[in-house]
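Input: a single structure, listed below in structure tokens.
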Amino acid sequence: MSGSNGKKGSSSGVMEWIGSACRFAADRNDFRRNLLVNLGLFAAGVWVARNLSDFDLMSPQPVT
Amino acid sequence: MGSVLAATSPSPAPAAAGGSQGVPGLVSVPPGFTMPAVSSVPPTSGSGPSADAESSLPNPGTYEECHRKCKEVYPLQMEGVRLVVNKGLSNHFQVSHTVTLSTLAESGYRFGSTYVGSKQTGPAESFPVIVGDMDNTGSLNAQIIHQLTSAVRSKIAIQTQQQKFVNWQCDLEYRGEDFTSAVTLGNPDVLVGSGILVAHYLQSITPGLALGGEMVYHRRPGEEGAVTSLLGRYTGDNYVATLTLGGAGAHATYYHRANDQLQIGVEFEASTRMQETTTSLAYQLDVPKANLLFKGTVDSNWVVGATLEKKLLPLPLTLALGAFLNHRKHKFQCGFGVTIG
């Protein structure tokens, strides 16, 4: 019984942590949240620029 | 004609566009007015053939140019109709006529002129450069740029709103072998005891890394203050990454040249005063064989925009179309322009 109560306590703690993390991620008025999201977008943009832009528009079309 | 165009901004349209174009940093331009855009001269090659091993670091350029490579990839917001006629009268003198029809700003006519002197300091650099434009209400924007010595360059810029002087500033820049320093005095008023002083310093640490700082000191009766910020720039083979950190926030840009046709810019801005952050991505597609230049952008505020420029050869015409859509605020803005000459 005490073991199941302990597991329920830890799982509820994890659920609370996940809930607070989701509320933080969804709060558009929070400056720190917006800062983290935009830093992630900046990093993603840099990754896209460095890795997904190596195509030649003037290369000849493949003959089918 | 060639030396006049080389000394002026590569794109004549921004000279009549709304917003802070041309003179960066200090001057905040009232809506409807712009400082004439004059491209900065590329850094000189230090002491040239006589450079020894100790001075192998290149001149890092100016402080204002650090973020410019990325900013130039972004499309300009266009609104209404614009007709621009450029006419070169000689190798030293060029005039432009701009007619704008707008629903948001005031419609009007603007006359611009550019004079480039005979003192040639490089293959595409001649001084002095005098740029000015005036609109139909009598408001004037003017700049004078002159190379005083091989290392010292000065600039004087004024801006009037009809008969009233709105902005006036003097700029002095010194380019050393591996550093650049500049001092700008803005709107000095000896009688009132007010003014703004801006100091820049940029030092090459390695051939790719440059570090620098900026200090802005402002003073007016009963109030004075100073703001400082630090800048770091790293230049790779085909990319430039720049970061500015200050008390007001942070500004990071990344410029990547994928190939001859495609350039990409990514920008991050965070303002601690406004408690806002923004990230934006832009790309520029240049297809010279099709005489086409396309720019697109998207940002974290759900704003999507693009501009298209097409040269209608063999006519000396350039057609420009632009549109911006703000999904969050449900606002749409489009513009159309024709440039002749």
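Identifiers in this document derive from the order of the structure tokens: chains are assigned A, B, ..., residues are numbered from 1 separately in each chain, and ligands are numbered from 1 in order of occurrence.
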Could the residues of chain A that have an atom at most 6 Å from chain B be listed as a tab-separated table, each with its closest atom pair and the distance in Å to one decimal, counting only C-alpha atoms and ordered by chain and ascending residue number?
residue	atom	partner	partner_atom	distance
A:Phe31	CA	B:Gln275	CA	5.9
A:Leu35	CA	B:Thr277	CA	5.9
A:Asn38	CA	B:Thr279	CA	5.6
A:Ser53	CA	B:Ala258	CA	5.8
A:Asp54	CA	B:Ala258	CA	5.9
Can you list, as a PDB file with all heavy atoms, in the first residue's frame, every protein, DNA or RNA residue that comes within 7 Å of Gln159 (chain B) when you count only C-alpha atoms, leaving out same-chain residues fewer than 6 positions away?
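That gives us part33.pdb:
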ATOM      1  N   LEU B 140      13.993  68.825 -46.660  1.00  0.00           N
ATOM      2  CA  LEU B 140      15.280  68.484 -47.281  1.00  0.00           C
ATOM      3  C   LEU B 140      16.004  67.424 -46.478  1.00  0.00           C
ATOM      4  O   LEU B 140      16.026  67.469 -45.259  1.00  0.00           O
ATOM      5  CB  LEU B 140      16.146  69.742 -47.372  1.00  0.00           C
ATOM      6  CG  LEU B 140      17.607  69.554 -47.774  1.00  0.00           C
ATOM      7  CD1 LEU B 140      17.700  69.185 -49.248  1.00  0.00           C
ATOM      8  CD2 LEU B 140      18.408  70.816 -47.492  1.00  0.00           C
ATOM      9  N   ASN B 141      16.574  66.461 -47.200  1.00  0.00           N
ATOM     10  CA  ASN B 141      17.543  65.525 -46.629  1.00  0.00           C
ATOM     11  C   ASN B 141      18.844  65.705 -47.390  1.00  0.00           C
ATOM     12  O   ASN B 141      18.834  65.702 -48.613  1.00  0.00           O
ATOM     13  CB  ASN B 141      17.093  64.065 -46.788  1.00  0.00           C
ATOM     14  CG  ASN B 141      15.829  63.763 -46.038  1.00  0.00           C
ATOM     15  OD1 ASN B 141      15.571  64.347 -45.002  1.00  0.00           O
ATOM     16  ND2 ASN B 141      15.050  62.838 -46.548  1.00  0.00           N
ATOM     17  N   ALA B 142      19.941  65.853 -46.701  1.00  0.00           N
ATOM     18  CA  ALA B 142      21.208  66.064 -47.395  1.00  0.00           C
ATOM     19  C   ALA B 142      22.343  65.422 -46.628  1.00  0.00           C
ATOM     20  O   ALA B 142      22.332  65.375 -45.398  1.00  0.00           O
ATOM     21  CB  ALA B 142      21.484  67.562 -47.585  1.00  0.00           C
ATOM     22  N   PHE B 165      14.708  72.629 -38.870  1.00  0.00           N
ATOM     23  CA  PHE B 165      15.739  71.594 -38.827  1.00  0.00           C
ATOM     24  C   PHE B 165      15.345  70.527 -37.807  1.00  0.00           C
ATOM     25  O   PHE B 165      15.124  70.826 -36.636  1.00  0.00           O
ATOM     26  CB  PHE B 165      17.086  72.211 -38.449  1.00  0.00           C
ATOM     27  CG  PHE B 165      17.805  72.810 -39.613  1.00  0.00           C
ATOM     28  CD1 PHE B 165      17.468  74.073 -40.062  1.00  0.00           C
ATOM     29  CD2 PHE B 165      18.798  72.100 -40.272  1.00  0.00           C
ATOM     30  CE1 PHE B 165      18.117  74.623 -41.153  1.00  0.00           C
ATOM     31  CE2 PHE B 165      19.447  72.643 -41.368  1.00  0.00           C
ATOM     32  CZ  PHE B 165      19.105  73.913 -41.814  1.00  0.00           C
ATOM     33  N   VAL B 166      15.257  69.307 -38.260  1.00  0.00           N
ATOM     34  CA  VAL B 166      14.856  68.204 -37.394  1.00  0.00           C
ATOM     35  C   VAL B 166      16.076  67.423 -36.895  1.00  0.00           C
ATOM     36  O   VAL B 166      16.184  67.103 -35.717  1.00  0.00           O
ATOM     37  CB  VAL B 166      13.882  67.269 -38.139  1.00  0.00           C
ATOM     38  CG1 VAL B 166      13.516  66.087 -37.272  1.00  0.00           C
ATOM     39  CG2 VAL B 166      12.639  68.017 -38.561  1.00  0.00           C
ATOM     40  N   ASN B 167      16.975  67.102 -37.788  1.00  0.00           N
ATOM     41  CA  ASN B 167      18.172  66.348 -37.415  1.00  0.00           C
ATOM     42  C   ASN B 167      19.389  66.971 -38.091  1.00  0.00           C
ATOM     43  O   ASN B 167      19.327  67.374 -39.237  1.00  0.00           O
ATOM     44  CB  ASN B 167      18.064  64.878 -37.853  1.00  0.00           C
ATOM     45  CG  ASN B 167      17.087  64.094 -36.993  1.00  0.00           C
ATOM     46  OD1 ASN B 167      17.175  64.113 -35.780  1.00  0.00           O
ATOM     47  ND2 ASN B 167      16.174  63.404 -37.640  1.00  0.00           N
ATOM     48  N   TRP B 168      20.469  67.024 -37.355  1.00  0.00           N
ATOM     49  CA  TRP B 168      21.751  67.436 -37.935  1.00  0.00           C
ATOM     50  C   TRP B 168      22.845  66.693 -37.182  1.00  0.00           C
ATOM     51  O   TRP B 168      22.826  66.605 -35.960  1.00  0.00           O
ATOM     52  CB  TRP B 168      21.942  68.957 -37.883  1.00  0.00           C
ATOM     53  CG  TRP B 168      21.875  69.565 -36.501  1.00  0.00           C
ATOM     54  CD1 TRP B 168      22.924  69.922 -35.717  1.00  0.00           C
ATOM     55  CD2 TRP B 168      20.685  69.898 -35.769  1.00  0.00           C
ATOM     56  NE1 TRP B 168      22.474  70.446 -34.532  1.00  0.00           N
ATOM     57  CE2 TRP B 168      21.118  70.457 -34.527  1.00  0.00           C
ATOM     58  CE3 TRP B 168      19.317  69.791 -36.017  1.00  0.00           C
ATOM     59  CZ2 TRP B 168      20.224  70.886 -33.556  1.00  0.00           C
ATOM     60  CZ3 TRP B 168      18.430  70.224 -35.050  1.00  0.00           C
ATOM     61  CH2 TRP B 168      18.891  70.752 -33.838  1.00  0.00           C
TER      62      TRP B 168
END
Need the shell around region 202-217 of chain B: protein/DNA/RNA residues with any atom at most 9 Å away, counting only C-alpha atoms. Skip same-chain ones fewer than 4 positions apart. Format as an MDAnalysis selection string? chainID B and resid 26 56:63 178:181 195:198 224:236 244
